[in-house]
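Chemist: So I've got this file, start.txt, and it contains compact mmCIF, C-alpha atoms:
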# COMPACT_ATOMS: atom_id res chain seq x y z
CA MET A 470 0.00 0.00 0.00
CA ILE A 471 1.26 3.46 -0.85
CA CYS A 472 1.58 5.87 2.05
CA LYS A 473 -0.02 9.18 1.20
CA SER A 474 -3.03 11.25 2.11
CA VAL A 475 -5.51 10.19 -0.56
CA ASP A 476 -7.88 13.11 -0.04
CA ARG A 477 -5.06 15.61 -0.22
CA ALA A 478 -3.50 13.97 -3.23
CA LYS A 479 -6.81 14.11 -5.10
CA LYS A 480 -6.86 17.86 -4.61
CA ILE A 481 -3.23 18.30 -5.59
CA LEU A 482 -2.85 16.02 -8.59
CA LYS A 483 -3.38 17.81 -11.88
CA ALA A 484 -4.84 15.96 -14.84
CA GLY A 485 -2.36 15.31 -17.61
CA LEU A 486 0.82 15.46 -15.55
CA LEU A 487 3.14 12.49 -15.68
CA LEU A 488 2.93 10.36 -12.55
CA VAL A 489 5.87 8.21 -11.56
CA ALA A 490 5.70 4.78 -10.00
CA PHE A 491 5.27 4.95 -6.25
CA VAL A 492 7.60 3.14 -3.88
CA SER A 493 5.84 0.71 -1.56
CA LEU A 494 5.99 1.64 2.10
CA PRO A 495 4.33 0.64 5.35
CA CYS A 496 1.07 2.56 5.62
CA ALA A 497 1.32 6.01 7.21
CA ALA A 498 0.17 9.50 6.34
CA ASN A 499 3.21 11.19 4.84
CA THR A 500 3.94 14.92 4.58
CA ILE A 501 3.22 16.53 1.21
CA VAL A 502 5.21 19.56 0.03
CA ARG A 503 5.08 21.64 -3.13
CA MET A 504 8.18 22.98 -4.89
CA GLN A 505 7.59 25.92 -7.23
CA THR A 506 10.28 26.52 -9.85
CA ASP A 507 10.63 28.97 -12.72
CA LEU A 508 9.41 26.22 -15.05
CA GLY A 509 6.50 24.86 -13.01
CA SER A 510 5.56 23.15 -9.76
CA VAL A 511 6.41 19.72 -8.40
CA VAL A 512 4.40 17.98 -5.67
CA ILE A 513 6.54 15.81 -3.40
CA GLU A 514 5.67 13.13 -0.84
CA LEU A 515 8.16 12.82 2.04
CA PHE A 516 8.92 9.41 3.57
CA ASP A 517 8.34 10.43 7.18
CA THR A 518 8.64 6.91 8.59
CA ALA A 519 11.28 5.39 6.32
CA ALA A 520 13.78 8.27 6.72
CA PRO A 521 12.63 10.32 9.74
CA LYS A 522 15.88 12.16 10.52
CA THR A 523 16.41 13.07 6.87
CA VAL A 524 12.84 14.33 6.50
CA GLU A 525 13.21 16.38 9.69
CA ASN A 526 16.45 17.87 8.36
CA PHE A 527 14.84 18.70 5.00
CA LEU A 528 11.78 20.31 6.62
CA ASN A 529 14.02 22.47 8.81
CA TYR A 530 15.38 24.10 5.65
CA VAL A 531 11.94 24.18 4.02
CA ASN A 532 10.12 25.82 6.93
CA ALA A 533 12.88 28.40 7.39
CA GLY A 534 12.60 29.39 3.71
CA ASP A 535 16.28 28.56 3.18
CA TYR A 536 15.66 26.98 -0.23
CA ASP A 537 13.63 29.91 -1.56
CA GLY A 538 15.63 31.72 -4.24
CA THR A 539 18.29 29.03 -4.62
CA PHE A 540 19.08 27.83 -8.12
CA ILE A 541 19.39 24.35 -9.60
CA HIS A 542 23.15 24.00 -9.95
CA ARG A 543 23.60 20.56 -11.47
CA SER A 544 21.82 18.95 -14.40
CA ASP A 545 23.16 15.59 -15.48
CA PRO A 546 20.64 14.28 -18.05
CA GLY A 547 19.84 10.62 -17.64
CA PHE A 548 21.29 10.72 -14.12
CA VAL A 549 20.35 13.42 -11.57
CA LEU A 550 19.11 16.99 -11.11
CA GLN A 551 20.73 18.53 -8.02
CA MET A 552 19.79 21.63 -6.00
CA GLY A 553 19.39 23.03 -2.49
CA GLY A 554 22.81 24.62 -2.14
CA TYR A 555 23.53 27.85 -3.96
CA ILE A 556 22.11 31.32 -4.30
CA PHE A 557 23.16 34.04 -6.74
CA ASP A 558 23.04 37.71 -5.76
CA PRO A 559 24.43 39.96 -8.53
CA ALA A 560 24.67 42.81 -6.04
CA GLN A 561 27.49 40.87 -4.35
CA GLY A 562 29.42 40.14 -7.53
CA ASP A 563 29.51 38.03 -10.65
CA PHE A 564 28.29 34.51 -11.14
CA PHE A 565 31.10 31.94 -10.66
CA ALA A 566 32.60 34.43 -8.19
CA GLU A 567 31.56 36.55 -5.19
CA GLY A 568 27.92 36.72 -6.32
CA THR A 569 27.45 32.96 -5.85
CA SER A 570 27.41 31.55 -2.34
CA HIS A 571 26.23 28.46 -0.49
CA ILE A 572 23.31 28.79 1.88
CA PRO A 573 24.05 28.30 5.61
CA THR A 574 23.79 24.66 6.59
CA ASP A 575 22.73 22.77 9.68
CA PRO A 576 24.86 19.95 11.14
CA PRO A 577 25.07 16.89 8.86
CA VAL A 578 22.32 14.32 9.15
CA ILE A 579 22.93 10.64 9.78
CA ASN A 580 22.67 8.42 6.70
CA GLU A 581 19.35 6.54 6.55
CA PHE A 582 19.78 4.57 3.35
CA GLY A 583 17.13 1.90 2.92
CA MET A 584 15.21 2.61 -0.28
CA SER A 585 16.48 2.39 -3.85
CA ASN A 586 17.41 5.37 -6.01
CA VAL A 587 14.91 4.71 -8.79
CA ARG A 588 13.47 7.26 -11.21
CA GLY A 589 11.18 9.77 -9.53
CA THR A 590 12.74 9.45 -6.08
CA ILE A 591 14.59 12.22 -4.26
CA ALA A 592 17.75 11.68 -2.21
CA MET A 593 20.28 13.66 -0.21
CA ALA A 594 23.64 14.63 -1.70
CA LYS A 595 26.79 14.24 0.37
CA LEU A 596 29.84 16.39 0.87
CA GLY A 597 32.47 13.70 0.30
CA GLY A 598 33.37 10.18 1.29
CA ASP A 599 31.63 10.37 4.66
CA PRO A 600 28.25 8.55 4.52
CA ASN A 601 26.92 10.89 7.23
CA SER A 602 27.80 14.18 5.53
CA ALA A 603 24.48 15.26 3.93
CA THR A 604 23.34 18.79 4.82
CA SER A 605 21.07 20.86 2.55
CA GLU A 606 21.63 19.61 -1.00
CA PHE A 607 19.34 17.02 -2.58
CA PHE A 608 18.76 15.54 -6.03
CA PHE A 609 16.03 14.05 -8.20
CA ASN A 610 16.81 10.69 -9.78
CA LEU A 611 16.17 11.09 -13.50
CA ALA A 612 16.63 7.35 -14.14
CA ASP A 613 16.96 4.10 -12.26
CA ASN A 614 20.26 4.76 -10.47
CA SER A 615 19.87 1.98 -7.93
CA GLU A 616 22.78 -0.16 -9.12
CA ASN A 617 25.11 2.81 -8.86
CA LEU A 618 23.91 4.99 -5.98
CA ASP A 619 22.59 2.27 -3.70
CA ASN A 620 26.10 0.82 -3.55
CA GLN A 621 28.13 4.02 -3.23
CA ASN A 622 29.28 5.77 -0.04
CA GLY A 623 26.94 3.80 2.20
CA GLY A 624 24.04 4.32 -0.19
CA PHE A 625 22.33 7.65 -0.87
CA THR A 626 19.32 8.20 1.37
CA VAL A 627 16.04 8.35 -0.53
CA PHE A 628 13.64 10.44 1.53
CA ALA A 629 10.89 11.46 -0.91
CA GLN A 630 9.26 10.86 -4.29
CA VAL A 631 7.53 12.93 -6.94
CA ILE A 632 3.71 12.72 -6.91
CA SER A 633 3.19 15.10 -9.82
CA GLY A 634 5.41 17.35 -11.89
CA GLN A 635 7.96 14.81 -13.11
CA ASP A 636 7.50 16.45 -16.50
CA VAL A 637 8.77 19.72 -14.97
CA ILE A 638 11.88 17.96 -13.65
CA ASP A 639 12.50 16.36 -17.04
CA THR A 640 12.10 19.72 -18.81
CA ILE A 641 14.69 21.35 -16.54
CA ALA A 642 17.09 18.48 -17.20
CA GLU A 643 16.76 19.10 -20.95
CA GLU A 644 17.82 22.75 -20.81
CA GLN A 645 21.27 23.64 -22.10
CA ARG A 646 23.92 23.89 -19.45
CA CYS A 647 26.65 26.32 -18.57
CA SER A 648 29.27 24.22 -20.35
CA SER A 649 27.48 25.04 -23.63
CA TYR A 650 28.81 28.61 -23.49
CA PHE A 651 32.11 30.44 -23.33
CA ILE A 652 30.98 33.23 -21.02
CA PHE A 653 33.83 35.65 -20.50
CA ASN A 654 32.90 37.13 -17.17
CA SER A 655 34.73 35.87 -14.11
CA GLY A 656 36.17 32.85 -15.86
CA GLN A 657 34.37 30.07 -17.62
CA CYS A 658 31.84 27.65 -16.18
CA ASN A 659 34.51 25.66 -14.38
CA GLY A 660 35.60 28.60 -12.28
CA ILE A 661 36.33 28.71 -8.55
CA ILE A 662 33.24 26.59 -7.92
CA SER A 663 32.37 24.28 -10.80
CA PHE A 664 29.03 25.06 -12.40
CA ASP A 665 29.67 23.30 -15.70
CA ASN A 666 26.33 21.50 -15.43
CA THR A 667 24.19 24.41 -14.27
CA PRO A 668 21.08 24.62 -16.50
CA LEU A 669 20.62 28.00 -18.18
CA LEU A 670 17.53 29.66 -19.61
CA ASN A 671 16.91 32.32 -22.25
CA MET A 672 20.34 32.12 -23.84
CA ILE A 673 21.35 31.37 -27.42
CA ALA A 674 24.81 30.10 -28.34
CA THR A 675 25.81 32.99 -30.60
CA PRO A 676 29.04 35.04 -30.68
CA THR A 677 27.35 37.95 -28.91
CA GLU A 678 25.88 35.66 -26.26
CA PHE A 679 29.35 34.37 -25.43
CA LEU A 680 30.17 37.82 -24.10
CA ASN A 681 27.20 38.02 -21.74
CA PRO A 682 27.50 37.21 -18.04
CA VAL A 683 25.01 34.88 -16.39
CA ALA A 684 22.11 36.89 -14.94
CA PRO A 685 19.47 35.76 -12.39
CA GLN A 686 16.88 35.28 -15.13
CA ASN A 687 19.19 32.75 -16.80
CA LEU A 688 19.05 30.39 -13.81
CA VAL A 689 16.32 27.88 -12.95
CA LYS A 690 15.37 28.88 -9.44
CA ILE A 691 13.42 27.30 -6.64
CA ILE A 692 10.88 30.02 -5.98
CA SER A 693 9.53 28.28 -2.89
CA ILE A 694 9.15 24.91 -1.19
CA GLY A 695 6.61 24.34 1.53
CA ILE A 696 3.62 22.50 2.92
CA ASP A 697 0.36 23.13 1.07
CA ASN A 698 -2.29 21.75 3.41
CA ASP A 699 -5.30 23.04 1.48
CA GLY A 700 -3.95 21.83 -1.88
CA ASP A 701 -4.58 25.09 -3.75
CA GLY A 702 -1.08 25.31 -5.19
CA VAL A 703 0.26 28.01 -2.85
CA ILE A 704 2.29 26.94 0.17
CA ASP A 705 0.92 27.83 3.59
CA ARG A 706 3.65 30.17 4.81
CA ILE A 707 3.33 32.29 1.65
CA GLU A 708 -0.43 32.56 2.07
CA ASP A 709 -0.01 33.35 5.78
CA ALA A 710 2.22 36.31 4.85
CA GLY A 711 -0.51 37.79 2.64
CA PRO A 712 -2.85 40.74 3.18
CA ASN A 713 -4.94 41.08 6.35
CA GLY A 714 -2.77 38.64 8.25
CA GLY A 715 -3.22 35.93 5.64
CA ASP A 716 -6.93 36.57 5.06
CA GLY A 717 -6.84 38.17 1.63
CA ASN A 718 -10.62 38.06 1.02
CA SER A 719 -11.45 39.23 4.58
CA ASP A 720 -13.83 36.37 5.32
CA GLY A 721 -12.39 35.71 8.78
CA ILE A 722 -10.70 32.43 7.75
CA ALA A 723 -7.05 32.07 6.87
CA ASP A 724 -6.50 31.58 3.13
CA SER A 725 -4.11 28.71 3.90
CA ALA A 726 -7.04 26.80 5.41
CA GLN A 727 -9.29 27.11 2.35
CA GLY A 728 -8.80 25.23 -0.90
CA HIS A 729 -10.95 27.74 -2.80
CA VAL A 730 -9.04 30.87 -1.67
CA ALA A 731 -5.37 31.69 -2.18
CA SER A 732 -3.14 34.73 -1.81
CA LEU A 733 0.19 34.86 -3.60
CA PRO A 734 2.73 37.41 -4.89
CA ASP A 735 2.72 38.49 -8.54
CA ILE A 736 5.95 39.11 -10.44
CA ARG A 737 6.35 42.46 -8.64
CA ASN A 738 6.06 40.67 -5.28
CA SER A 739 2.70 42.39 -4.64
CA TYR A 740 0.04 40.11 -3.18
CA ILE A 741 -3.05 39.15 -5.17
CA THR A 742 -5.95 37.09 -3.80
CA VAL A 743 -7.87 34.55 -5.90
CA GLU A 744 -11.26 33.28 -4.71
CA ALA A 745 -13.47 30.55 -6.20
CA ASN A 746 -16.81 29.06 -5.18
CA PRO A 747 -16.43 27.10 -1.89
CA LEU A 748 -17.46 23.92 -3.74
CA HIS A 749 -14.57 24.33 -6.18
CA VAL A 750 -10.85 23.70 -5.60
CA LEU A 751 -8.06 25.92 -6.85
CA GLY A 752 -4.78 24.42 -7.99
CA SER A 753 -1.49 25.07 -9.80
CA LEU A 754 -1.53 28.78 -8.95
CA GLY A 755 1.46 30.87 -9.88
CA PHE A 756 2.64 33.94 -11.78
CA GLU A 757 4.96 33.92 -14.78
CA GLU A 758 6.20 36.77 -16.94
CA GLY A 759 4.66 35.40 -20.13
CA ILE A 760 6.62 37.52 -22.60
CA ASP A 761 6.05 34.84 -25.23
CA TYR A 762 2.29 35.15 -24.67
CA LEU A 763 2.38 38.85 -25.52
CA ALA A 764 4.07 38.15 -28.84
CA GLN A 765 1.00 36.15 -29.88
CA ALA A 766 -1.64 38.82 -29.24
CA ASP A 767 -4.61 38.81 -31.61
CA PRO A 768 -4.56 41.56 -32.76
CA LEU A 769 -1.18 42.88 -31.70
CA SER A 770 -2.52 46.44 -31.64
CA SER A 771 -4.81 45.45 -28.73
CA LEU A 772 -1.79 45.81 -26.40
CA ASN A 773 -1.17 49.46 -27.20
CA GLY A 774 -1.21 51.72 -24.16
CA LEU A 775 -1.41 48.85 -21.65
CA ASN A 776 0.87 47.75 -18.82
CA PHE A 777 1.10 44.07 -17.90
CA VAL A 778 2.66 44.58 -14.49
CA TYR A 779 1.29 41.49 -12.75
CA GLY A 780 2.63 38.78 -15.01
CA PHE A 781 0.34 35.95 -16.10
CA LEU A 782 -1.68 34.10 -13.48
CA THR A 783 -1.85 30.36 -14.06
CA LEU A 784 -4.48 28.29 -12.27
CA ASP A 785 -6.91 25.46 -12.61
CA VAL A 786 -10.31 25.06 -10.99
CA SER A 787 -11.54 21.54 -10.30
CA ASN A 788 -14.79 20.05 -8.95
CA VAL A 789 -16.63 22.26 -11.42
CA GLY A 790 -18.68 19.45 -12.93
CA VAL A 791 -18.64 18.56 -16.61
CA GLY A 792 -19.87 21.59 -18.53
CA GLY A 793 -20.36 23.52 -15.29
CA ASN A 794 -19.91 27.21 -14.48
CA ALA A 795 -17.18 28.76 -12.36
CA ASP A 796 -16.74 32.36 -11.26
CA ILE A 797 -13.29 33.40 -10.06
CA LYS A 798 -12.70 36.66 -8.21
CA ILE A 799 -9.26 38.28 -8.37
CA ILE A 800 -8.57 40.92 -5.72
CA LEU A 801 -5.73 43.27 -6.71
CA PRO A 802 -3.84 45.75 -4.53
CA GLY A 803 -5.87 48.82 -3.60
CA GLY A 804 -5.77 51.68 -6.07
CA GLU A 805 -5.28 49.45 -9.11
CA SER A 806 -8.35 49.40 -11.36
CA PRO A 807 -7.88 47.36 -14.54
CA LYS A 808 -10.44 47.53 -17.35
CA LYS A 809 -9.21 44.66 -19.49
CA TYR A 810 -8.32 41.01 -18.96
CA PHE A 811 -6.26 38.99 -21.44
CA LYS A 812 -6.13 35.23 -21.74
CA TYR A 813 -3.74 32.92 -23.55
CA GLY A 814 -4.83 29.73 -25.27
CA PRO A 815 -7.14 28.45 -27.99
CA THR A 816 -10.70 29.65 -28.54
CA PRO A 817 -13.58 27.87 -30.26
CA ASP A 818 -13.03 29.95 -33.40
CA ASN A 819 -9.20 29.72 -33.34
CA PRO A 820 -7.60 26.45 -32.18
CA VAL A 821 -4.09 27.95 -32.24
CA ASP A 822 -2.81 29.30 -28.90
CA HIS A 823 -3.00 33.09 -28.92
CA LEU A 824 -3.48 36.05 -26.59
CA TYR A 825 -6.96 37.58 -26.70
CA GLU A 826 -9.06 40.01 -24.72
CA PHE A 827 -11.41 38.11 -22.41
CA ASP A 828 -14.27 40.60 -22.52
CA PHE A 829 -17.64 39.60 -21.07
CA ASP A 830 -20.06 38.39 -23.75
CA GLY A 831 -22.98 37.59 -21.45
CA GLU A 832 -21.75 34.06 -20.73
CA THR A 833 -17.97 34.08 -20.33
CA GLY A 834 -15.47 36.87 -19.78
CA ALA A 835 -14.23 39.40 -17.24
CA GLU A 836 -16.18 42.05 -15.31
CA PHE A 837 -14.52 44.81 -13.30
CA ASN A 838 -15.33 46.55 -10.03
CA GLY A 839 -12.55 48.78 -8.77
CA ASN A 840 -9.62 46.57 -7.80
CA GLU A 841 -11.66 43.36 -8.23
CA VAL A 842 -11.94 41.31 -11.41
CA THR A 843 -14.58 38.57 -11.72
CA LEU A 844 -13.89 35.94 -14.36
CA HIS A 845 -16.88 33.99 -15.68
CA PHE A 846 -16.03 30.53 -17.03
CA VAL A 847 -17.98 27.66 -18.53
CA ASP A 848 -16.18 24.32 -18.61
CA GLY A 849 -15.10 23.58 -22.19
CA LYS A 850 -16.05 26.97 -23.61
CA ARG A 851 -14.22 30.22 -24.42
CA GLY A 852 -11.81 31.02 -21.61
CA ASP A 853 -11.24 27.41 -20.57
CA SER A 854 -7.83 26.91 -22.11
CA ASP A 855 -8.15 23.18 -22.67
CA LEU A 856 -11.55 23.66 -24.40
CA LEU A 857 -12.62 20.33 -22.88
CA ALA A 858 -15.80 19.72 -20.90
CA ASN A 859 -13.97 17.69 -18.26
CA GLY A 860 -14.90 19.39 -14.99
CA VAL A 861 -11.57 21.29 -14.81
CA ILE A 862 -11.03 24.85 -16.00
CA THR A 863 -7.51 26.02 -16.83
CA ASP A 864 -6.58 29.69 -17.09
CA PRO A 865 -3.35 31.43 -17.96
CA GLY A 866 -4.36 35.08 -18.04
CA THR A 867 -3.72 38.57 -16.67
CA PRO A 868 -5.43 41.87 -15.93
CA ALA A 869 -4.06 44.85 -17.84
CA LEU A 870 -3.67 48.39 -16.56
CA ARG A 871 -3.67 51.57 -18.58
CA ALA A 872 -0.18 53.04 -18.81
CA GLN A 873 -1.08 55.89 -16.48
CA ASN A 874 -2.60 53.49 -13.91
CA ALA A 875 0.31 51.16 -13.23
CA GLY A 876 0.07 51.48 -9.45
CA SER A 877 2.94 51.86 -7.02
CA GLY A 878 4.39 48.50 -7.98
CA GLY A 879 5.83 49.84 -11.22
CA GLY A 880 6.96 47.73 -14.12
CA SER A 881 8.19 44.19 -14.05
CA GLY A 882 11.76 44.77 -15.17
CA GLY A 883 13.46 43.32 -18.23
CA CYS A 884 11.19 43.88 -21.20
CA GLY A 885 8.71 45.31 -18.71
CA LEU A 886 5.78 43.40 -20.15
CA ARG A 887 4.70 46.80 -21.33
CA ALA A 888 3.31 47.78 -24.71
CA ALA A 889 4.44 51.19 -25.94
CA GLY A 890 1.57 53.61 -25.40
CA ASN A 891 1.96 55.54 -28.65
CA ALA A 892 3.20 52.74 -30.88
CA HIS A 893 1.23 51.48 -33.83
CA ALA A 894 0.96 47.74 -34.42
CA GLY A 895 4.15 47.49 -36.44
CA GLN A 896 6.20 49.27 -33.78
CA ALA A 897 4.67 47.13 -31.06
CA GLY A 898 5.54 44.05 -33.05
CA ALA A 899 9.15 45.17 -33.41
CA TRP A 900 9.30 45.85 -29.67
CA LEU A 901 8.04 42.40 -28.86
CA LEU A 902 10.43 40.73 -31.27
CA LEU A 903 13.36 42.54 -29.69
CA CYS A 904 12.20 41.44 -26.24
CA LEU A 905 11.88 37.86 -27.37
CA ALA A 906 15.24 37.61 -29.14
CA GLY A 907 17.49 35.23 -27.27
CA MET A 908 14.71 33.85 -25.05
CA TYR A 909 15.15 30.19 -25.73
CA ALA A 910 18.13 27.87 -25.87
CA ALA A 911 18.24 24.74 -27.95
CA MET A 912 17.81 21.60 -25.91
CA ARG A 913 20.24 18.74 -25.91
CA LYS A 914 20.50 15.42 -24.15
CA HIS A 915 23.26 13.05 -23.40
CA LYS A 916 23.49 9.71 -21.70
CA ALA A 917 25.92 8.93 -18.91
CA ASN A 918 26.49 5.84 -16.83
CA GLY A 919 28.33 4.96 -13.67
CA ARG A 920 28.53 8.55 -12.45
CA SER A 921 29.19 9.40 -8.84
CA LEU A 922 27.76 11.89 -6.39
CA SER A 923 29.53 13.72 -3.63
Could you render the structure from this file as structure tokens?
Modeler:
Amino acid sequence: MICKSVDRAKKILKAGLLLVAFVSLPCAANTIVRMQTDLGSVVIELFDTAAPKTVENFLNYVNAGDYDGTFIHRSDPGFVLQMGGYIFDPAQGDFFAEGTSHIPTDPPVINEFGMSNVRGTIAMAKLGGDPNSATSEFFFNLADNSENLDNQNGGFTVFAQVISGQDVIDTIAEEQRCSSYFIFNSGQCNGIISFDNTPLLNMIATPTEFLNPVAPQNLVKIISIGIDNDGDGVIDRIEDAGPNGGDGNSDGIADSAQGHVASLPDIRNSYITVEANPLHVLGSLGFEEGIDYLAQADPLSSLNGLNFVYGFLTLDVSNVGVGGNADIKIILPGGESPKKYFKYGPTPDNPVDHLYEFDFDGETGAEFNGNEVTLHFVDGKRGDSDLLANGVITDPGTPALRAQNAGSGGGSGGCGLRAAGNAHAGQAGAWLLLCLAGMYAAMRKHKANGRSLS
């Protein structure tokens, strides 16, 4: 029998995500945590009984927020994806140099090897030849590494497994790595601390790119890891830090205790509250910049004069019922009064993913009341981005502010997610193309066998 909270897992699991084979354990209710990365979220089940000291050690870092903002520093395709150690602060210096540092660590934890390092499991990394040297760093097994890692350095302690989001882990492992570039900054990728295998985003191997230093947006970061008791996709300690003492919709109940209400920061780090019907369950909430969404606006001129300061809100709403209705309220910071809402995805009249204004047509669309936006959805119809009547509504979308009503949060940095107020469609298109240039790196894979961890 698999040890997990079935009710909680039903709320957390998202249809369509790759599920990995579970490891059989004696029955007990295990802790569930959610890891949010730049490329998506991963839901993790901890093996509380099988590796109690290791789980306690891991949760000490998790609950203190020590992992938040760290970057994934080792990608070894076909082997492991390692993280939990390093943070990059460009204000302190360059990558490879003074700007990169290891997070403070607790005393090493005793080795509790007992479960095999098969694909989809998570284990602790070690500092050297000492079996009892694991501190903060951990890795995802990308393949069945049992023959290798179970018989090395006392065996590597498996303390968790992926419940959902293995596709996110695999995507990160496919990104190009630092060794793909000759970045003349503070040495190459094998500088003072070796980051040859660090996955990099938004870079293209061109002569001009070789001259660019690694910036924070080029790293795959752990945005947050934490316990998500209500299964709405936002970890409890983030919700508890939200408006009104963690009660963003002012209903007298903490958002972290309600699966239909969540408060979370947008890309400016300003809190936004999302509220569904109490019978519905929110999930997979997060904000992403979505620059590539803006490039696919239909028509492009619809972006003129607008600021997209929030980023794009991703969410799904379950328990809707096949073909059912769902109304979602978005509460923005006070003083911000959007008049438009844009969604990304297909529509019944255009099956190609595109950005379109989600205006209210009497059945679906957005209505506005000051700093509140109410989204009207019908399962399987316009606005439901999977266009399937399956009882789940998916929504990547964002409110848009007029340029003169951007609020105190300001722009989002980088390209700014901001359409030029006086530009005609051609100029806006050129702006977007410039912003998008160099966004994506080609993916490559390689196989490796018999590798070691330390």
Chemist: Considering all atoms listed in the file, return as a ChimeraX atom specification whatever protein or nucleic-acid residues lie within 9 Å of segment 798-815 of chain A, sequence-local ones (same chain, fewer than 3 positions apart) excluded.
Modeler: /A:717-718,739-745,762-763,765-766,781,818-828,834-845,851-856,864-871,874-877
Chemist: Under the rule of at most 7 Å, produce a per-residue listing of segment 508-548 of chain A near segment 572-589 of chain A: chain, number, name, the closest pair of atoms, and the distance in Å, as a tab-separated table, using all atoms listed in the file.
Modeler:
residue	atom	partner	partner_atom	distance
A:Ala520	CA	A:Glu581	CA	5.8
A:Lys522	CA	A:Val578	CA	6.9
A:Thr523	CA	A:Val578	CA	6.5
A:Asn526	CA	A:Val578	CA	6.9
Chemist: For Asn532 of chain A, which of A:Ile736, A:Val502, A:Ala519, A:Val631 is the closest residue, counting all atoms listed in the file?
Modeler: A:Val502
Chemist: How far is it from atom CA of Glu644 of chain A to atom CA of Leu550 of chain A, in Å with one decimal?
Modeler: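 It comes out at 11.4 Å.
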Chemist: Looking at all atoms listed in the file, which of A:Leu733, A:Ile862, A:Leu528, A:Val750 is the one that sits closest to Asp699 of chain A?
Modeler: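 Distance minimum relative to Asp699 of chain A lands on A:Val750.
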Chemist: One decimal, in Å: what's the spacing between atom CA of Ala629 of chain A and atom CA of Val703 of chain A?
Modeler: 19.8 Å
Chemist: Can you fill out segment 498-509 of chain A with N, CA and C atoms and hand it back as a PDB file, in the frame of the given file?
Modeler:
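Printed below is selection.pdb as written:
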ATOM      1  N   ALA A 498       0.487   8.259   7.040  1.00  0.00           N
ATOM      2  CA  ALA A 498       0.170   9.500   6.340  1.00  0.00           C
ATOM      3  C   ALA A 498       1.442  10.326   6.235  1.00  0.00           C
ATOM      4  N   ASN A 499       1.962  10.478   5.039  1.00  0.00           N
ATOM      5  CA  ASN A 499       3.210  11.190   4.840  1.00  0.00           C
ATOM      6  C   ASN A 499       2.980  12.671   4.556  1.00  0.00           C
ATOM      7  N   THR A 500       3.987  13.483   4.827  1.00  0.00           N
ATOM      8  CA  THR A 500       3.940  14.920   4.580  1.00  0.00           C
ATOM      9  C   THR A 500       4.031  15.181   3.077  1.00  0.00           C
ATOM     10  N   ILE A 501       3.212  16.113   2.613  1.00  0.00           N
ATOM     11  CA  ILE A 501       3.220  16.530   1.210  1.00  0.00           C
ATOM     12  C   ILE A 501       3.751  17.960   1.131  1.00  0.00           C
ATOM     13  N   VAL A 502       4.708  18.204   0.245  1.00  0.00           N
ATOM     14  CA  VAL A 502       5.210  19.560   0.030  1.00  0.00           C
ATOM     15  C   VAL A 502       5.146  19.887  -1.452  1.00  0.00           C
ATOM     16  N   ARG A 503       5.111  21.157  -1.748  1.00  0.00           N
ATOM     17  CA  ARG A 503       5.080  21.640  -3.130  1.00  0.00           C
ATOM     18  C   ARG A 503       6.325  22.485  -3.385  1.00  0.00           C
ATOM     19  N   MET A 504       7.010  22.201  -4.474  1.00  0.00           N
ATOM     20  CA  MET A 504       8.180  22.980  -4.890  1.00  0.00           C
ATOM     21  C   MET A 504       7.818  23.745  -6.157  1.00  0.00           C
ATOM     22  N   GLN A 505       7.874  25.067  -6.081  1.00  0.00           N
ATOM     23  CA  GLN A 505       7.590  25.920  -7.230  1.00  0.00           C
ATOM     24  C   GLN A 505       8.905  26.359  -7.848  1.00  0.00           C
ATOM     25  N   THR A 506       9.076  26.093  -9.142  1.00  0.00           N
ATOM     26  CA  THR A 506      10.280  26.520  -9.850  1.00  0.00           C
ATOM     27  C   THR A 506       9.887  27.519 -10.947  1.00  0.00           C
ATOM     28  N   ASP A 507      10.887  28.063 -11.602  1.00  0.00           N
ATOM     29  CA  ASP A 507      10.630  28.970 -12.720  1.00  0.00           C
ATOM     30  C   ASP A 507       9.911  28.279 -13.863  1.00  0.00           C
ATOM     31  N   LEU A 508      10.000  26.953 -13.935  1.00  0.00           N
ATOM     32  CA  LEU A 508       9.410  26.220 -15.050  1.00  0.00           C
ATOM     33  C   LEU A 508       8.218  25.370 -14.639  1.00  0.00           C
ATOM     34  N   GLY A 509       7.688  25.580 -13.429  1.00  0.00           N
ATOM     35  CA  GLY A 509       6.500  24.860 -13.010  1.00  0.00           C
ATOM     36  C   GLY A 509       6.640  24.292 -11.607  1.00  0.00           C
TER      37      GLY A 509
END
